[in-house]
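Enquirer: One structure follows; several queries about it will come next.
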Amino acid sequence: MVHFVGAGPGAPDLITLRGAELVKQADIIIYAGSLVNPEILALARPDCRVYNSAEMTLEQVLAVMEGAPDADIVRLHTGDPCLYGAIREQMDALDKLGIPWDDTPGVSSFCGAAAALGAEFTLPGVSQSVIITRMAGRTPVPERESLEQMAQHDASMAVFLSAGLLEEVQASLLRGAYTADTPAAIVYKATWPEERIIRCTAGTLAAAGAEAGIRKTAMILVGEFLSGSYERSKLYDPAFTTEYRRGIEP
Ligand code: SAH
């Protein structure tokens, strides 16, 4: 059986209890290269066979899975496998091969980056939506989802896979609804010991990234949720009645 497992954003204790158990029991682990913390691999049994999928094609990954039909195989992805994990093509191929699989979620790096900043994406009166997206690179993005299009919403945004394209990211954000003053942040290796936080604005993103020398493994966050102003929540407002609590008019 193949277990897709989210390794979390980096810190080894941010994998789920279920994910850690699967890693400990695995006969084979195929992990997603440098974005998976080696300390998680250290949980594996000494006789576990370990493969780095950064050096493999989909066919080679599937050959390992097909070659060990009775093994417990962990396919270890970074963050949560459901975002930019290329899991669907693996699951579909496994279905065709008649190999069962399951999927254990993980803490995505956009959550790890928010935690590093102490930020909440969904502030009342500011934004109630998070756009998870990327800049088009060698992998194209559908035209209607271009960063410029997504930036029209002025919502909270987490931009994956784009730290090497900061000039283009900045230009696209500014062609959308963000202004040069909209707060932004680059979070490099969130939750790893070498984590770095660079606070900037949509207008200074490229210069801030260049100055810090950041080209990869970083999350770009942008939106007014990174600024100081917001409304307090209704849920915890003394005047607000809920199923569990009667509101008191001031
Ligand atoms: N499935 C993963 C994303 C894989 S795509 C997840 O849920 O997080 C790889 C991209 O994720 C990187 O280019 C970077 O933008 C982001 N990323 C992964 N780990 C990160 C971390 N610890 N800190 C900041 N960004 C990270």
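Each chain in the structure tokens gets a letter, A, B and so on, in the order shown; residues start at 1 in every chain, and ligands are counted from 1 in the order they appear.
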Using backbone DSSP assignments, extract all alpha helix (DSSP H) residues from stretch 136-222 of chain A; output them as a compact mmCIF listing (two decimals) with C-alpha atoms, in the first residue's frame.

Expert:
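Writing done, so here's states-v4.txt:
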# COMPACT_ATOMS: atom_id res chain seq x y z
CA LEU A 147 -1.18 36.52 -10.98
CA GLU A 148 -2.37 39.81 -12.39
CA GLN A 149 -5.94 38.47 -12.62
CA MET A 150 -5.85 36.98 -9.14
CA LEU A 166 10.14 38.44 -7.67
CA GLU A 167 10.37 41.18 -10.34
CA GLU A 168 7.53 39.57 -12.30
CA VAL A 169 5.53 38.91 -9.12
CA GLN A 170 5.82 42.55 -8.06
CA ALA A 171 4.82 43.85 -11.51
CA SER A 172 1.80 41.52 -11.64
CA LEU A 173 0.65 42.43 -8.14
CA LEU A 174 0.82 46.13 -8.96
CA ARG A 175 -1.10 45.65 -12.22
CA LEU A 205 9.15 43.04 -2.94
CA ALA A 206 11.79 42.54 -5.65
CA ALA A 207 14.36 44.87 -4.06
CA ALA A 208 13.81 43.33 -0.60
CA GLY A 209 14.20 39.79 -1.96
CA ALA A 210 17.32 40.72 -3.95
CA GLU A 211 18.90 42.41 -0.92
CA ALA A 212 18.24 39.31 1.19

Enquirer: Give me the residues near A:Pro100 as a PyMOL selection string, where near means some atom within 12 Å (using only C-alpha atoms) and where sequence neighbours in that chain fewer than 4 positions away do not count.

Expert: chain A and resi 1-4+65-66+69-73+90-96

Enquirer: Produce as a PyMOL selection string the set of residues near ligand 1, where near means within 8 Å with only C-alpha atoms and all ligand atoms considered.

Expert: chain A and resi 6+8-10+35+77-85+106-110+112-113+159-163+187-192+195+216-220

Enquirer: Go ahead and write the selection's residues with N, CA and C atoms as a JSON list (two decimals), in the first residue's frame.

Expert:
[["chain", "number", "residue", "atom", "x", "y", "z"],
["A", 6, "GLY", "N", 1.82, 14.20, 4.12],
["A", 6, "GLY", "CA", 2.32, 15.57, 4.17],
["A", 6, "GLY", "C", 3.34, 15.68, 5.29],
["A", 8, "GLY", "N", 4.69, 18.41, 6.34],
["A", 8, "GLY", "CA", 4.64, 19.71, 7.00],
["A", 8, "GLY", "C", 5.68, 20.65, 6.39],
["A", 9, "PRO", "N", 5.73, 21.89, 6.92],
["A", 9, "PRO", "CA", 6.54, 22.92, 6.26],
["A", 9, "PRO", "C", 8.04, 22.81, 6.49],
["A", 10, "GLY", "N", 8.46, 22.04, 7.46],
["A", 10, "GLY", "CA", 9.90, 21.93, 7.69],
["A", 10, "GLY", "C", 10.25, 21.42, 9.08],
["A", 35, "LEU", "N", 13.05, 19.84, 0.33],
["A", 35, "LEU", "CA", 12.02, 20.52, 1.13],
["A", 35, "LEU", "C", 11.52, 19.66, 2.28],
["A", 77, "HIS", "N", 5.54, 14.04, 0.87],
["A", 77, "HIS", "CA", 5.52, 15.33, 0.18],
["A", 77, "HIS", "C", 5.70, 16.46, 1.19],
["A", 78, "THR", "N", 6.11, 17.63, 0.72],
["A", 78, "THR", "CA", 6.28, 18.74, 1.65],
["A", 78, "THR", "C", 4.93, 19.40, 1.94],
["A", 79, "GLY", "N", 4.83, 20.05, 3.07],
["A", 79, "GLY", "CA", 3.59, 20.76, 3.42],
["A", 79, "GLY", "C", 2.43, 19.79, 3.40],
["A", 80, "ASP", "N", 1.37, 20.15, 2.67],
["A", 80, "ASP", "CA", 0.27, 19.23, 2.42],
["A", 80, "ASP", "C", 0.38, 18.74, 0.98],
["A", 81, "PRO", "N", 0.18, 17.44, 0.78],
["A", 81, "PRO", "CA", 0.33, 16.91, -0.58],
["A", 81, "PRO", "C", -0.64, 17.51, -1.59],
["A", 82, "CYS", "N", -1.74, 18.10, -1.12],
["A", 82, "CYS", "CA", -2.78, 18.53, -2.07],
["A", 82, "CYS", "C", -2.44, 19.84, -2.78],
["A", 83, "LEU", "N", -1.34, 20.47, -2.40],
["A", 83, "LEU", "CA", -0.95, 21.72, -3.07],
["A", 83, "LEU", "C", 0.38, 21.51, -3.78],
["A", 84, "TYR", "N", 0.37, 21.64, -5.10],
["A", 84, "TYR", "CA", 1.57, 21.53, -5.93],
["A", 84, "TYR", "C", 2.36, 20.26, -5.60],
["A", 85, "GLY", "N", 1.65, 19.18, -5.31],
["A", 85, "GLY", "CA", 2.31, 17.94, -4.92],
["A", 85, "GLY", "C", 2.42, 16.92, -6.05],
["A", 106, "GLY", "N", -1.00, 17.35, 5.74],
["A", 106, "GLY", "CA", 0.09, 17.96, 6.50],
["A", 106, "GLY", "C", -0.15, 19.45, 6.65],
["A", 107, "VAL", "N", 0.70, 20.11, 7.41],
["A", 107, "VAL", "CA", 0.61, 21.56, 7.57],
["A", 107, "VAL", "C", 1.26, 22.21, 6.35],
["A", 108, "SER", "N", 0.48, 22.91, 5.56],
["A", 108, "SER", "CA", 1.05, 23.53, 4.37],
["A", 108, "SER", "C", 1.97, 24.70, 4.74],
["A", 109, "SER", "N", 2.89, 25.00, 3.86],
["A", 109, "SER", "CA", 3.85, 26.08, 4.13],
["A", 109, "SER", "C", 3.18, 27.45, 4.16],
["A", 110, "PHE", "N", 1.99, 27.59, 3.55],
["A", 110, "PHE", "CA", 1.37, 28.91, 3.66],
["A", 110, "PHE", "C", 0.86, 29.12, 5.08],
["A", 112, "GLY", "N", 2.49, 27.61, 7.70],
["A", 112, "GLY", "CA", 3.76, 27.77, 8.42],
["A", 112, "GLY", "C", 4.27, 29.20, 8.32],
["A", 113, "ALA", "N", 4.11, 29.80, 7.13],
["A", 113, "ALA", "CA", 4.58, 31.17, 6.93],
["A", 113, "ALA", "C", 3.73, 32.15, 7.72],
["A", 159, "VAL", "N", 1.66, 33.30, -2.36],
["A", 159, "VAL", "CA", 2.22, 32.96, -3.68],
["A", 159, "VAL", "C", 3.33, 31.93, -3.49],
["A", 160, "PHE", "N", 3.08, 30.73, -4.00],
["A", 160, "PHE", "CA", 4.04, 29.62, -3.93],
["A", 160, "PHE", "C", 4.99, 29.70, -5.14],
["A", 161, "LEU", "N", 6.10, 28.98, -5.04],
["A", 161, "LEU", "CA", 6.93, 28.61, -6.20],
["A", 161, "LEU", "C", 7.38, 29.79, -7.04],
["A", 162, "SER", "N", 7.49, 30.96, -6.46],
["A", 162, "SER", "CA", 7.74, 32.15, -7.27],
["A", 162, "SER", "C", 8.85, 33.03, -6.72],
["A", 163, "ALA", "N", 9.62, 32.54, -5.75],
["A", 163, "ALA", "CA", 10.65, 33.37, -5.12],
["A", 163, "ALA", "C", 11.76, 33.73, -6.11],
["A", 187, "VAL", "N", 8.76, 34.91, 3.33],
["A", 187, "VAL", "CA", 9.17, 34.03, 4.43],
["A", 187, "VAL", "C", 9.98, 32.88, 3.83],
["A", 188, "TYR", "N", 11.27, 32.87, 4.15],
["A", 188, "TYR", "CA", 12.19, 31.85, 3.65],
["A", 188, "TYR", "C", 12.23, 30.71, 4.65],
["A", 189, "LYS", "N", 12.01, 29.50, 4.17],
["A", 189, "LYS", "CA", 12.09, 28.28, 4.99],
["A", 189, "LYS", "C", 11.34, 28.42, 6.33],
["A", 190, "ALA", "N", 10.08, 28.79, 6.23],
["A", 190, "ALA", "CA", 9.24, 28.93, 7.43],
["A", 190, "ALA", "C", 9.32, 27.65, 8.27],
["A", 191, "THR", "N", 9.50, 27.82, 9.55],
["A", 191, "THR", "CA", 9.55, 26.79, 10.60],
["A", 191, "THR", "C", 10.86, 25.98, 10.62],
["A", 192, "TRP", "N", 11.78, 26.22, 9.66],
["A", 192, "TRP", "CA", 13.10, 25.59, 9.72],
["A", 192, "TRP", "C", 13.98, 26.44, 10.64],
["A", 195, "GLU", "N", 14.93, 29.74, 9.14],
["A", 195, "GLU", "CA", 13.83, 30.63, 8.72],
["A", 195, "GLU", "C", 14.26, 32.10, 8.71],
["A", 216, "LYS", "N", 14.74, 31.03, -3.65],
["A", 216, "LYS", "CA", 13.92, 29.81, -3.62],
["A", 216, "LYS", "C", 13.46, 29.48, -2.20],
["A", 217, "THR", "N", 12.61, 28.45, -2.10],
["A", 217, "THR", "CA", 12.09, 27.95, -0.82],
["A", 217, "THR", "C", 11.51, 29.07, 0.04],
["A", 218, "ALA", "N", 10.75, 29.94, -0.61],
["A", 218, "ALA", "CA", 10.15, 31.03, 0.15],
["A", 218, "ALA", "C", 8.69, 31.21, -0.25],
["A", 219, "MET", "N", 7.93, 31.70, 0.69],
["A", 219, "MET", "CA", 6.52, 32.02, 0.49],
["A", 219, "MET", "C", 6.39, 33.54, 0.41],
["A", 220, "ILE", "N", 5.65, 33.98, -0.57],
["A", 220, "ILE", "CA", 5.39, 35.42, -0.69],
["A", 220, "ILE", "C", 3.96, 35.65, -0.22]]

Enquirer: Nearest residue to A:Phe225 out of A:Ile248, A:Ala54, A:Leu165, A:Ala114, using only C-alpha atoms?

Expert: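 Ranking A:Ile248, A:Ala54, A:Leu165, A:Ala114 by distance to A:Phe225, first place goes to A:Ala114.
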
Enquirer: Please identify all polymer residues within 9 Å of A:Leu226, counting only C-alpha atoms, omitting same-chain residues fewer than 3 positions from it, and present them as a ChimeraX atom specification.

Expert: /A:117,119-121,156,182-185,221-223,229

Enquirer: Output N, CA and C atoms for every residue in the selection just made, as a PDB file, in the first residue's frame.

Expert:
ATOM      1  N   LEU A 117       4.890  34.691  10.894  1.00  0.00           N
ATOM      2  CA  LEU A 117       4.606  36.132  10.940  1.00  0.00           C
ATOM      3  C   LEU A 117       3.636  36.493  12.058  1.00  0.00           C
ATOM      4  N   ALA A 119       0.445  35.983  11.740  1.00  0.00           N
ATOM      5  CA  ALA A 119      -0.567  36.650  10.912  1.00  0.00           C
ATOM      6  C   ALA A 119      -1.833  35.809  10.777  1.00  0.00           C
ATOM      7  N   GLU A 120      -2.956  36.515  10.628  1.00  0.00           N
ATOM      8  CA  GLU A 120      -4.234  35.859  10.314  1.00  0.00           C
ATOM      9  C   GLU A 120      -4.673  36.342   8.932  1.00  0.00           C
ATOM     10  N   PHE A 121      -4.892  35.385   8.013  1.00  0.00           N
ATOM     11  CA  PHE A 121      -5.268  35.742   6.642  1.00  0.00           C
ATOM     12  C   PHE A 121      -6.664  36.363   6.565  1.00  0.00           C
ATOM     13  N   SER A 156      -6.296  38.443   0.676  1.00  0.00           N
ATOM     14  CA  SER A 156      -5.050  37.916   1.232  1.00  0.00           C
ATOM     15  C   SER A 156      -4.495  36.903   0.234  1.00  0.00           C
ATOM     16  N   THR A 182       0.862  48.290  -0.288  1.00  0.00           N
ATOM     17  CA  THR A 182       0.222  47.108   0.312  1.00  0.00           C
ATOM     18  C   THR A 182       1.286  46.277   1.025  1.00  0.00           C
ATOM     19  N   PRO A 183       1.049  45.937   2.293  1.00  0.00           N
ATOM     20  CA  PRO A 183       2.068  45.168   3.007  1.00  0.00           C
ATOM     21  C   PRO A 183       2.296  43.790   2.379  1.00  0.00           C
ATOM     22  N   ALA A 184       3.552  43.345   2.440  1.00  0.00           N
ATOM     23  CA  ALA A 184       3.926  42.037   1.897  1.00  0.00           C
ATOM     24  C   ALA A 184       5.025  41.458   2.778  1.00  0.00           C
ATOM     25  N   ALA A 185       5.272  40.177   2.602  1.00  0.00           N
ATOM     26  CA  ALA A 185       6.371  39.537   3.335  1.00  0.00           C
ATOM     27  C   ALA A 185       6.906  38.385   2.510  1.00  0.00           C
ATOM     28  N   LEU A 221       3.806  36.489   0.780  1.00  0.00           N
ATOM     29  CA  LEU A 221       2.470  36.808   1.275  1.00  0.00           C
ATOM     30  C   LEU A 221       2.209  38.289   1.011  1.00  0.00           C
ATOM     31  N   VAL A 222       1.003  38.598   0.591  1.00  0.00           N
ATOM     32  CA  VAL A 222       0.687  40.001   0.305  1.00  0.00           C
ATOM     33  C   VAL A 222      -0.773  40.265   0.655  1.00  0.00           C
ATOM     34  N   GLY A 223      -1.024  41.463   1.144  1.00  0.00           N
ATOM     35  CA  GLY A 223      -2.401  41.843   1.453  1.00  0.00           C
ATOM     36  C   GLY A 223      -2.472  42.697   2.702  1.00  0.00           C
ATOM     37  N   SER A 229      -4.674  47.319  10.791  1.00  0.00           N
ATOM     38  CA  SER A 229      -6.075  47.661  11.048  1.00  0.00           C
ATOM     39  C   SER A 229      -7.030  46.552  10.649  1.00  0.00           C
TER      40      SER A 229
END

Enquirer: Would you please give, as a list in words, all residues of stretch 148-195 of chain A that DSSP assigns to strand (DSSP E or B) based on the backbone?

Expert: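 Selecting the strand (DSSP E or B) positions of stretch 148-195 of chain A gives Ser156, Met157, Ala158, Val159, Phe160, Pro183, Ala184, Ala185, Ile186, Val187 and Tyr188 of chain A.
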
Enquirer: Atoms to include: N, CA, C and O atoms. Write the selected residues as a CSV table (one decimal), in the first residue's frame.

Expert:
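The file below, selection.csv, is the result:
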chain,number,residue,atom,x,y,z
A,156,SER,N,-6.3,38.4,0.7
A,156,SER,CA,-5.0,37.9,1.2
A,156,SER,C,-4.5,36.9,0.2
A,156,SER,O,-5.2,36.1,-0.3
A,157,MET,N,-3.2,37.0,0.0
A,157,MET,CA,-2.6,36.1,-1.0
A,157,MET,C,-1.4,35.4,-0.6
A,157,MET,O,-0.5,36.0,0.1
A,158,ALA,N,-1.3,34.1,-0.9
A,158,ALA,CA,0.0,33.3,-0.7
A,158,ALA,C,0.5,32.8,-2.0
A,158,ALA,O,-0.2,32.1,-2.7
A,159,VAL,N,1.7,33.3,-2.4
A,159,VAL,CA,2.2,33.0,-3.7
A,159,VAL,C,3.3,31.9,-3.5
A,159,VAL,O,4.4,32.2,-2.9
A,160,PHE,N,3.1,30.7,-4.0
A,160,PHE,CA,4.0,29.6,-3.9
A,160,PHE,C,5.0,29.7,-5.1
A,160,PHE,O,4.7,30.3,-6.2
A,183,PRO,N,1.0,45.9,2.3
A,183,PRO,CA,2.1,45.2,3.0
A,183,PRO,C,2.3,43.8,2.4
A,183,PRO,O,1.4,43.2,1.9
A,184,ALA,N,3.6,43.3,2.4
A,184,ALA,CA,3.9,42.0,1.9
A,184,ALA,C,5.0,41.5,2.8
A,184,ALA,O,5.6,42.2,3.6
A,185,ALA,N,5.3,40.2,2.6
A,185,ALA,CA,6.4,39.5,3.3
A,185,ALA,C,6.9,38.4,2.5
A,185,ALA,O,6.2,37.7,1.8
A,186,ILE,N,8.2,38.2,2.6
A,186,ILE,CA,8.8,37.0,2.1
A,186,ILE,C,9.3,36.1,3.3
A,186,ILE,O,10.0,36.6,4.1
A,187,VAL,N,8.8,34.9,3.3
A,187,VAL,CA,9.2,34.0,4.4
A,187,VAL,C,10.0,32.9,3.8
A,187,VAL,O,9.4,32.0,3.1
A,188,TYR,N,11.3,32.9,4.2
A,188,TYR,CA,12.2,31.9,3.6
A,188,TYR,C,12.2,30.7,4.6
A,188,TYR,O,12.4,30.9,5.8

Enquirer: Go through A:Arg196, A:Arg138, A:Arg49, A:Arg75 one by one, measure the shortest atom-to-atom distance of each to A:Ile30 using only C-alpha atoms, and give the residue with the smallest value.

Expert: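 Result for the nearest residue to A:Ile30: A:Arg75.
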
Enquirer: Please compute the atom CA of A:Thr242-atom CA of A:Gly228 distance, one decimal, in Å.

Expert: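 Taking atom CA of A:Thr242 and atom CA of A:Gly228, their separation equals 27.5 Å.
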
Enquirer: Which is closest to A:Gln128 among A:Gln25, A:Ser233, A:Thr201, A:Thr241, if we use only C-alpha atoms?

Expert: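 Smallest distance to A:Gln128 is found for A:Ser233.
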